[in-house]
Structures are given as C-alpha cells and as structure tokens.
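Have a look at structure-v3.txt below; it lists compact mmCIF, C-alpha atoms.
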# COMPACT_ATOMS: atom_id res chain seq x y z
CA GLY I 1336 -8.50 22.02 -15.27
CA SER I 1337 -12.25 21.79 -15.35
CA PHE I 1338 -14.78 19.24 -14.18
CA THR I 1339 -18.30 18.76 -15.46
CA SER I 1340 -20.88 16.56 -13.80
CA SER I 1341 -24.47 15.44 -14.24
CA LEU I 1342 -26.95 13.45 -12.15
CA LYS I 1343 -26.14 10.42 -14.32
CA GLY I 1344 -22.65 10.51 -12.88
CA SER I 1345 -20.49 11.36 -15.89
CA PHE I 1346 -17.33 13.25 -15.06
CA THR I 1347 -14.85 14.69 -17.53
CA SER I 1348 -11.47 16.11 -16.58
CA SER I 1349 -9.27 18.23 -18.80
CA LEU I 1350 -6.31 17.55 -16.49
CA ASN I 1351 -5.46 14.14 -17.82
CA GLY I 1352 -7.86 12.86 -20.41
CA SER I 1353 -11.38 11.79 -19.50
CA PHE I 1354 -13.16 9.05 -17.62
CA THR I 1355 -16.70 8.21 -16.57
CA SER I 1356 -18.13 7.06 -13.27
CA PRO I 1357 -21.67 5.72 -13.79
CA VAL I 1358 -24.26 6.03 -11.06
CA VAL I 1359 -27.08 3.48 -10.96
CA VAL I 1360 -30.19 4.81 -9.23
CA ASN I 1361 -33.22 2.51 -9.11
CA THR I 1362 -35.65 5.11 -7.74
CA PRO I 1363 -35.72 8.89 -8.21
CA PRO I 1364 -33.53 10.30 -5.46
CA THR I 1365 -34.71 13.00 -3.09
CA PRO I 1366 -32.98 16.38 -3.34
CA ILE I 1367 -30.55 15.55 -0.53
CA ASP I 1368 -29.84 12.17 -2.15
CA LYS I 1369 -28.96 14.00 -5.35
CA VAL I 1370 -26.50 16.16 -3.46
CA ASN I 1371 -24.89 13.12 -1.85
CA VAL I 1372 -24.67 11.22 -5.16
CA ILE I 1373 -23.04 14.15 -6.92
CA HIS I 1374 -20.66 14.85 -4.04
CA LYS I 1375 -19.64 11.22 -3.63
CA HIS I 1376 -18.82 10.59 -7.26
CA ASN I 1377 -17.33 14.01 -7.88
CA ALA I 1378 -15.00 13.43 -4.92
CA VAL I 1379 -13.99 10.06 -6.35
CA ALA I 1380 -13.46 11.56 -9.80
CA MET I 1381 -11.33 14.41 -8.46
CA ARG I 1382 -9.33 12.09 -6.23
CA GLU I 1383 -8.44 9.70 -9.04
CA THR I 1384 -7.54 12.55 -11.39
CA PHE I 1385 -5.36 14.31 -8.85
CA LYS I 1386 -3.63 11.02 -8.04
CA ARG I 1387 -2.61 10.79 -11.67
CA ARG I 1388 -1.17 14.28 -11.48
CA ALA I 1389 0.66 13.79 -8.19
CA SER I 1390 3.50 11.33 -7.74
CA ILE I 1391 3.88 11.01 -11.52
CA VAL I 1392 6.94 8.94 -12.35
CA ARG I 1393 8.18 9.79 -15.80
CA ARG I 1394 11.31 9.33 -17.85
CA GLN I 1395 13.18 12.32 -19.16
CA SER I 1396 16.19 12.09 -21.41
CA THR I 1397 19.39 13.45 -19.89
CA LYS I 1398 22.15 13.31 -22.48
CA CYS I 1399 22.48 9.61 -23.37
CA CYS I 1400 20.47 8.03 -20.57
CA PHE I 1401 17.11 8.18 -18.83
CA GLU I 1402 16.32 9.58 -15.40
CA VAL I 1403 13.22 8.69 -13.40
CA LEU I 1404 11.62 11.79 -11.90
CA VAL I 1405 8.78 12.31 -9.45
CA THR I 1406 6.71 15.49 -9.62
CA ASN I 1407 4.32 17.15 -7.23
CA TRP I 1408 0.63 17.55 -8.11
CA ALA I 1409 1.09 20.94 -9.78
CA GLU I 1410 4.15 19.69 -11.69
CA THR I 1411 6.13 22.67 -10.39
CA VAL I 1412 8.78 20.57 -8.64
CA GLU I 1413 10.72 17.50 -9.74
CA ALA I 1414 12.88 15.14 -7.70
CA GLY I 1415 14.82 12.03 -8.55
CA ALA I 1416 12.98 8.84 -7.66
CA GLU I 1417 16.19 7.48 -6.15
CA GLN I 1418 16.02 10.16 -3.44
CA PHE I 1419 12.80 8.80 -1.96
CA ARG I 1420 12.72 6.51 1.06
CA TYR I 1421 9.55 4.73 2.22
CA PRO I 1422 9.75 3.69 5.89
CA VAL I 1423 7.10 1.20 7.00
CA LYS I 1424 7.59 1.58 10.76
CA VAL I 1425 8.74 4.28 13.16
CA GLU I 1426 12.05 2.49 13.74
CA ASP I 1427 12.80 2.87 10.02
CA VAL I 1428 12.29 6.63 10.29
CA VAL I 1429 14.65 6.79 13.27
CA GLU I 1430 17.39 4.90 11.43
CA MET I 1431 17.04 6.96 8.24
CA ILE I 1432 17.23 10.23 10.14
CA LYS I 1433 20.28 9.12 12.10
CA ALA I 1434 22.01 8.00 8.90
CA ASN I 1435 21.37 11.15 6.82
CA GLU I 1436 22.18 14.82 7.34
CA LYS I 1437 19.87 16.41 4.75
CA ILE I 1438 16.27 15.27 4.77
CA ARG I 1439 12.91 16.48 3.51
CA CYS I 1440 9.60 14.89 4.46
CA SER I 1441 6.82 14.29 1.97
CA GLY I 1442 3.22 13.15 2.04
CA ALA I 1443 0.79 13.08 -0.88
CA LEU I 1444 2.79 15.70 -2.86
CA HIS I 1445 -0.23 17.96 -3.19
CA SER I 1446 1.48 21.25 -2.28
CA CYS I 1447 2.38 23.55 -5.15
CA ALA I 1448 5.37 24.90 -3.18
CA PRO I 1449 8.88 23.43 -3.68
CA LEU I 1450 8.73 21.50 -0.41
CA ILE I 1451 10.29 18.24 -1.59
CA GLU I 1452 13.39 19.71 -3.23
CA SER I 1453 16.28 18.20 -1.33
CA GLN I 1454 20.03 17.84 -1.57
CA GLY I 1455 19.65 14.67 0.45
CA ILE I 1456 16.91 12.07 0.87
CA ILE I 1457 13.14 12.59 0.75
CA LEU I 1458 11.33 10.75 3.51
CA SER I 1459 7.89 9.70 2.27
CA LEU I 1460 5.66 8.88 5.24
CA THR I 1461 2.82 7.46 3.13
CA LYS I 1462 3.39 3.88 4.33
CA LEU I 1463 2.98 4.90 7.97
CA ASP I 1464 -0.76 4.71 7.45
CA ARG I 1465 -2.20 3.00 10.52
CA ILE I 1466 -5.03 4.39 12.64
CA ILE I 1467 -3.86 3.32 16.08
CA SER I 1468 -6.79 3.98 18.40
CA ILE I 1469 -9.91 6.04 19.01
CA ASP I 1470 -11.47 7.32 22.22
CA THR I 1471 -15.10 7.87 21.28
CA ALA I 1472 -16.00 9.43 24.63
CA ALA I 1473 -13.22 12.04 24.45
CA ARG I 1474 -13.49 12.21 20.63
CA ILE I 1475 -9.74 11.76 20.16
CA VAL I 1476 -8.18 9.64 17.41
CA ARG I 1477 -4.53 8.58 17.37
CA MET I 1478 -2.95 7.80 14.02
CA GLN I 1479 0.29 7.58 12.10
CA ALA I 1480 1.41 10.46 9.91
CA GLY I 1481 0.68 8.84 6.55
CA VAL I 1482 -3.03 8.15 7.06
CA ARG I 1483 -4.99 9.53 4.10
CA MET I 1484 -7.79 11.96 4.78
CA HIS I 1485 -10.44 9.87 2.99
CA ASP I 1486 -9.43 6.75 4.92
CA LEU I 1487 -9.69 8.65 8.20
CA CYS I 1488 -13.12 10.02 7.27
CA THR I 1489 -14.38 6.55 6.38
CA TYR I 1490 -13.04 5.13 9.65
CA LEU I 1491 -14.57 7.89 11.78
CA ALA I 1492 -17.97 7.65 10.08
CA ASP I 1493 -18.48 4.18 11.57
CA TYR I 1494 -18.36 5.85 15.00
CA GLY I 1495 -20.61 8.76 14.02
CA LEU I 1496 -17.61 11.11 13.99
CA ALA I 1497 -15.82 13.29 11.43
CA VAL I 1498 -12.77 15.49 10.84
CA GLY I 1499 -13.42 19.05 12.01
CA THR I 1500 -12.45 20.72 8.73
CA LEU I 1501 -11.43 19.54 5.28
CA GLY I 1502 -9.60 20.94 2.29
CA THR I 1503 -10.86 20.86 -1.29
CA ILE I 1504 -9.80 17.25 -1.79
CA ASP I 1505 -9.44 14.30 0.55
CA TRP I 1506 -6.50 12.24 -0.64
CA GLN I 1507 -3.82 14.18 1.26
CA THR I 1508 -2.06 12.60 4.19
CA ILE I 1509 -3.55 14.00 7.37
CA CYS I 1510 -0.13 15.03 8.70
CA GLY I 1511 0.88 16.66 5.41
CA ALA I 1512 -2.32 18.69 5.45
CA VAL I 1513 -1.58 19.86 9.00
CA MET I 1514 2.08 20.60 8.35
CA THR I 1515 1.28 22.76 5.31
CA GLY I 1516 -1.49 24.75 7.00
CA THR I 1517 -4.74 23.45 5.51
CA HIS I 1518 -7.21 26.13 6.52
CA GLY I 1519 -10.80 26.34 7.64
CA GLY I 1520 -13.76 27.15 5.41
CA GLY I 1521 -15.07 30.23 7.20
CA LEU I 1522 -14.62 32.69 10.04
CA THR I 1523 -15.93 30.20 12.58
CA ILE I 1524 -14.08 27.10 11.32
CA PRO I 1525 -10.45 26.86 12.53
CA SER I 1526 -7.53 25.47 10.57
CA LEU I 1527 -6.88 21.75 10.69
CA HIS I 1528 -3.97 22.01 13.13
CA ASP I 1529 -6.29 23.54 15.75
CA PHE I 1530 -7.79 20.06 16.18
CA VAL I 1531 -4.40 18.43 16.88
CA ARG I 1532 -3.80 17.51 20.52
CA SER I 1533 -0.30 16.07 20.26
CA TYR I 1534 2.50 15.23 17.83
CA THR I 1535 5.12 12.50 18.13
CA ILE I 1536 8.25 13.57 16.28
CA VAL I 1537 11.65 12.06 15.50
CA LEU I 1538 14.38 14.56 16.37
CA PRO I 1539 17.64 14.93 14.37
CA ASP I 1540 19.47 12.62 16.79
CA GLY I 1541 16.82 9.92 16.35
CA ALA I 1542 15.11 10.49 19.70
CA LEU I 1543 11.31 10.34 19.91
CA LYS I 1544 9.54 13.31 21.49
CA ARG I 1545 5.86 13.82 22.30
CA VAL I 1546 4.81 17.44 21.79
CA ASP I 1547 1.60 18.73 23.36
CA LYS I 1548 0.20 22.01 24.64
CA GLU I 1549 0.70 21.14 28.31
CA THR I 1550 4.32 19.96 28.33
CA SER I 1551 5.79 21.86 25.36
CA PRO I 1552 3.54 24.88 24.74
CA THR I 1553 6.01 26.93 22.66
CA LEU I 1554 7.05 24.07 20.40
CA PHE I 1555 3.45 22.91 20.11
CA ARG I 1556 2.36 26.31 18.81
CA ALA I 1557 5.25 26.35 16.33
CA MET I 1558 4.61 22.87 14.95
CA ALA I 1559 2.01 23.82 12.35
CA PRO I 1560 2.63 24.74 9.71
CA SER I 1561 6.32 23.86 10.21
CA MET I 1562 6.73 21.38 7.31
CA GLY I 1563 9.05 19.10 9.28
CA LEU I 1564 11.43 21.83 10.47
CA PHE I 1565 11.46 20.60 14.08
CA GLY I 1566 11.46 16.89 13.29
CA ALA I 1567 9.65 14.23 11.32
CA VAL I 1568 6.11 13.74 12.61
CA VAL I 1569 5.31 10.03 12.87
CA GLU I 1570 2.11 10.14 14.96
CA MET I 1571 -0.64 12.61 15.86
CA GLU I 1572 -3.57 12.76 18.22
CA MET I 1573 -6.49 14.75 16.86
CA ALA I 1574 -9.83 15.87 18.23
CA VAL I 1575 -12.79 14.98 16.02
CA VAL I 1576 -16.39 16.16 15.86
CA PRO I 1577 -19.86 14.58 15.51
CA LEU I 1578 -20.71 13.50 11.98
CA GLU I 1579 -23.12 15.75 10.12
CA ILE I 1580 -24.74 15.55 6.70
CA LEU I 1581 -24.06 18.81 4.90
CA GLU I 1582 -25.69 20.23 1.81
CA ALA I 1583 -23.70 22.58 -0.42
CA LYS I 1584 -25.46 25.46 -2.15
CA MET I 1585 -24.12 27.99 -4.63
CA ILE I 1586 -25.73 31.42 -4.91
CA SER I 1587 -25.00 34.52 -6.94
CA ILE I 1588 -25.03 37.92 -5.20
CA PRO I 1589 -24.46 41.31 -6.84
CA MET I 1590 -21.21 42.85 -5.63
CA GLU I 1591 -22.96 45.92 -4.24
CA ASP I 1592 -25.00 43.66 -1.93
CA VAL I 1593 -22.05 41.63 -0.62
CA VAL I 1594 -20.88 44.27 1.86
CA GLN I 1595 -24.28 44.40 3.52
CA CYS I 1596 -24.65 40.64 3.99
CA PHE I 1597 -21.00 39.55 4.29
CA ASP I 1598 -21.08 38.75 8.00
CA SER I 1599 -24.23 36.66 7.74
CA LEU I 1600 -22.79 34.68 4.82
CA MET I 1601 -19.55 33.90 6.63

For this file, write the structure as structure tokens.
Amino acid sequence: GSFTSSLKGSFTSSLNGSFTSPVVVNTPPTPIDKVNVIHKHNAVAMRETFKRRASIVRRQSTKCCFEVLVTNWAETVEAGAEQFRYPVKVEDVVEMIKANEKIRCSGALHSCAPLIESQGIILSLTKLDRIISIDTAARIVRMQAGVRMHDLCTYLADYGLAVGTLGTIDWQTICGAVMTGTHGGGLTIPSLHDFVRSYTIVLPDGALKRVDKETSPTLFRAMAPSMGLFGAVVEMEMAVVPLEILEAKMISIPMEDVVQCFDSLM
C-alpha cells in the first residue's frame, strides 16, 4: 500500500481504509523537530495499519457453517483460530510442548512466509511480554520472547539506551524478529541476532536450556534464524547501545554516479 504524510500529521493508508493522526504544534518546529514529528506519527500510523492487517480474525463460509481464521500480515497464510495457544508463563509453554507432538511458534505474524502453518498447535508467545531486568553498566537487557519492539525501545530510552538495529516497523515481537533474521541497515550494521547474548529455550521434552556462545557455541550460532527449530525461545538476553537521535535523509543519485560513491554511501 502507500502512505502519504504532511507536517500537519495527516496519514492516509490504502491498505485498510484511511485515518488521520493530528499533530498540534504551538510554535514552529526546528528542522530536527519536524523530522521527529513526522517519524513519530508515521511510525504510529504504520503500526496501527499493520496491526489491522496482521492477526485478522475473519469468518469464511465452509459449506454450511463458519470457520474463524487468522491470517499473517501479508494475508498469504491462514490458520484456524482454534489452533492457537496463548501461554502466559514459561510453565504453560513447558506443559503445552510436553502435551503436543506438532507445534509451531508465532509472534506478531509479520512474516510473509508460511511459518505458522501447522498440523498441530500454534504457540503464540505474545503474552510472554515482560522485560525482566537491565544491566545499564554492561548494557544487557533480559526479556521474555513476546516483548514488542516498540515497548522495548520505550523502556530502554528511559536509560539512555536503544536497540542496535531495527526493521522497517516496530510492532514485531523481539524474539520473532530475531528468529526470522531481521537484518541490519548497512554494511556496518549487523543483523539483530548479533546483539543476542543468550537464549532460554524449551526443548521437546519440556526441559529448559540456556544457550550462549560460551557453553553451547554451535547451537548458539544455529539459533538465528532458526524459527523455533531447536526449541521454543521463552527468554533472551540482548546487548543494547547508547541512544542516539537520528535524522533520515533521502537523496537522488544518477545511476552512473552510484558506482563511484557506493562505498561512501554505505
């Protein structure tokens, strides 16, 4: 779809109708203020629109009855709502895994790939959304798998910290973004999983295992993007970085000039 924005804060989306988000500014903002106002409200607009596209529960006629279906954001995959389970604590995850043979894990349902298709249950980790602790000196945050990216960013900002790299949107679960390989924004910015220091996973037999580079180097390297193949991730420890205020700029360069300046741009 397409988004249009103005300094007055009006946003229109062709994805799912239209809506407006007014911005009240009492004094003329400085150029950097303008950037922040546009970014803030555009992020909110995109987040709310994408939420309406993801996790859509709709009714579709099947012969003489109705079936409730859940779709991913791109509407490329459908699953029966009755397949979903929503554990609220780690012990729930353990019991569900021990009681079922075929399981898929899900987060915010942003991936376009058919990751939630399952012949068994679909374990949604979105209610495991607690930020457990933060070590500001070591810049390490410990959190449950279902923490949303925007909630983590807001939490870290109070400590003058930030996530090392972000995707296009910020409503994914942090673990889902790691497990599906959310990538960096340039040659010098690593993928999101490079910031992970440890995973806590529930194994097929229900046992809890901590996976880190020191004690399980091979498994640690294979964890991302593994999409739950080795177990259901219930907690992560992640390194974070100092908070910075960034300004986005868009420039147009003739194709013949790109080769000459590519390295400096990246």

Item to complete: Could you tell me how far CA of Ala1559 (chain I) lies from CA of Ser1446 (chain I), in Å and to one decimal?
Response: 14.9 Å

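Atom pair CA of Asp1470 (chain I) / CA of Leu1578 (chain I): separated by 15.1 Å.
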
Worksheet item: Within 12 Å of Ile1432 (chain I), counting only C-alpha atoms, which residues qualify if same-chain residues fewer than 4 places away don't, as JSON, numbers by chain?
Response: {"I": [1420, 1422, 1425, 1426, 1427, 1428, 1436, 1437, 1438, 1439, 1440, 1455, 1456, 1457, 1458, 1536, 1537, 1538, 1539, 1540, 1541, 1542, 1543, 1566, 1567, 1568]}

Within 10 Å of region 1515-1524 of chain I, counting only C-alpha atoms, which residues qualify if same-chain residues fewer than 6 places away don't, as a tab-separated table (two decimals) with C-alpha atoms, in the coordinates of the input?
chain	number	residue	atom	x	y	z
I	1445	HIS	CA	-0.23	17.96	-3.19
I	1446	SER	CA	1.48	21.25	-2.28
I	1448	ALA	CA	5.37	24.90	-3.18
I	1450	LEU	CA	8.73	21.50	-0.41
I	1499	GLY	CA	-13.42	19.05	12.01
I	1500	THR	CA	-12.45	20.72	8.73
I	1501	LEU	CA	-11.43	19.54	5.28
I	1502	GLY	CA	-9.60	20.94	2.29
I	1503	THR	CA	-10.86	20.86	-1.29
I	1509	ILE	CA	-3.55	14.00	7.37
I	1559	ALA	CA	2.01	23.82	12.35
I	1560	PRO	CA	2.63	24.74	9.71
I	1561	SER	CA	6.32	23.86	10.21
I	1562	MET	CA	6.73	21.38	7.31
I	1563	GLY	CA	9.05	19.10	9.28
I	1598	ASP	CA	-21.08	38.75	8.00
I	1600	LEU	CA	-22.79	34.68	4.82
I	1601	MET	CA	-19.55	33.90	6.63

Worksheet item: Quick one: residues within 9 Å of Ser1533 (chain I), all atoms listed in the file counted, chain neighbours fewer than 3 positions away excluded, as a PyMOL selection string?
Response: chain I and resi 1545-1548+1555+1570-1573

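Interatomic distance, CA of Ala1512 (chain I) against CA of Ile1580 (chain I): 22.7 Å.
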
Within 8 Å of (1.7, 14.2, 1.0) in the file's own coordinates, which protein, DNA or RNA residues have an atom, counting all atoms listed in the file? List them as a PDB file with C-alpha atoms, in the frame of the given file.
ATOM      1  CA  SER I1441       6.820  14.290   1.970  1.00  0.00           C
ATOM      2  CA  GLY I1442       3.220  13.150   2.040  1.00  0.00           C
ATOM      3  CA  ALA I1443       0.790  13.080  -0.880  1.00  0.00           C
ATOM      4  CA  LEU I1444       2.790  15.700  -2.860  1.00  0.00           C
ATOM      5  CA  HIS I1445      -0.230  17.960  -3.190  1.00  0.00           C
ATOM      6  CA  SER I1446       1.480  21.250  -2.280  1.00  0.00           C
ATOM      7  CA  SER I1459       7.890   9.700   2.270  1.00  0.00           C
ATOM      8  CA  LEU I1460       5.660   8.880   5.240  1.00  0.00           C
ATOM      9  CA  THR I1461       2.820   7.460   3.130  1.00  0.00           C
ATOM     10  CA  GLY I1481       0.680   8.840   6.550  1.00  0.00           C
ATOM     11  CA  GLN I1507      -3.820  14.180   1.260  1.00  0.00           C
ATOM     12  CA  THR I1508      -2.060  12.600   4.190  1.00  0.00           C
ATOM     13  CA  CYS I1510      -0.130  15.030   8.700  1.00  0.00           C
ATOM     14  CA  GLY I1511       0.880  16.660   5.410  1.00  0.00           C
ATOM     15  CA  ALA I1512      -2.320  18.690   5.450  1.00  0.00           C
TER      16      ALA I1512
END

Worksheet item: Using all atoms listed in the file, which residue out of I:Val1513, I:Trp1506, I:Asp1486, I:Ser1599 lies closest to Ser1526 (chain I)?
Response: I:Val1513

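Near (-19.8, 15.6, 14.5), the residues inside the 7 Å limit, counting only C-alpha atoms, come to Gly1495, Leu1496, Ala1497, Val1576, Pro1577, Leu1578 and Glu1579 of chain I.
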
Worksheet item: Looking at I:Leu1527, I:Val1423, I:Cys1447, I:Met1514, which one is nearest to Phe1565 (chain I), with distances taken over only C-alpha atoms?
Response: I:Met1514

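For the choices I:Glu1549, I:Glu1452, I:Glu1591, I:Asp1493, the atom-to-atom distance to Phe1419 (chain I) is smallest for I:Glu1452 when using all atoms listed in the file.
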
Which centre and which edge lengths, in Å to one decimal, describe the axis-aligned box that holds all listed atoms of region 1491-1510 of chain I after 3 Å is added on each side, as AutoDock Vina command-line options?
--center_x -10.4 --center_y 12.6 --center_z 6.6 --size_x 26.5 --size_y 22.8 --size_z 22.8

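Shortest atom-to-atom contact with Val1569 (chain I) among I:Thr1535, I:Thr1406, I:Asn1435, I:Ser1453: I:Thr1535, counting all atoms listed in the file.
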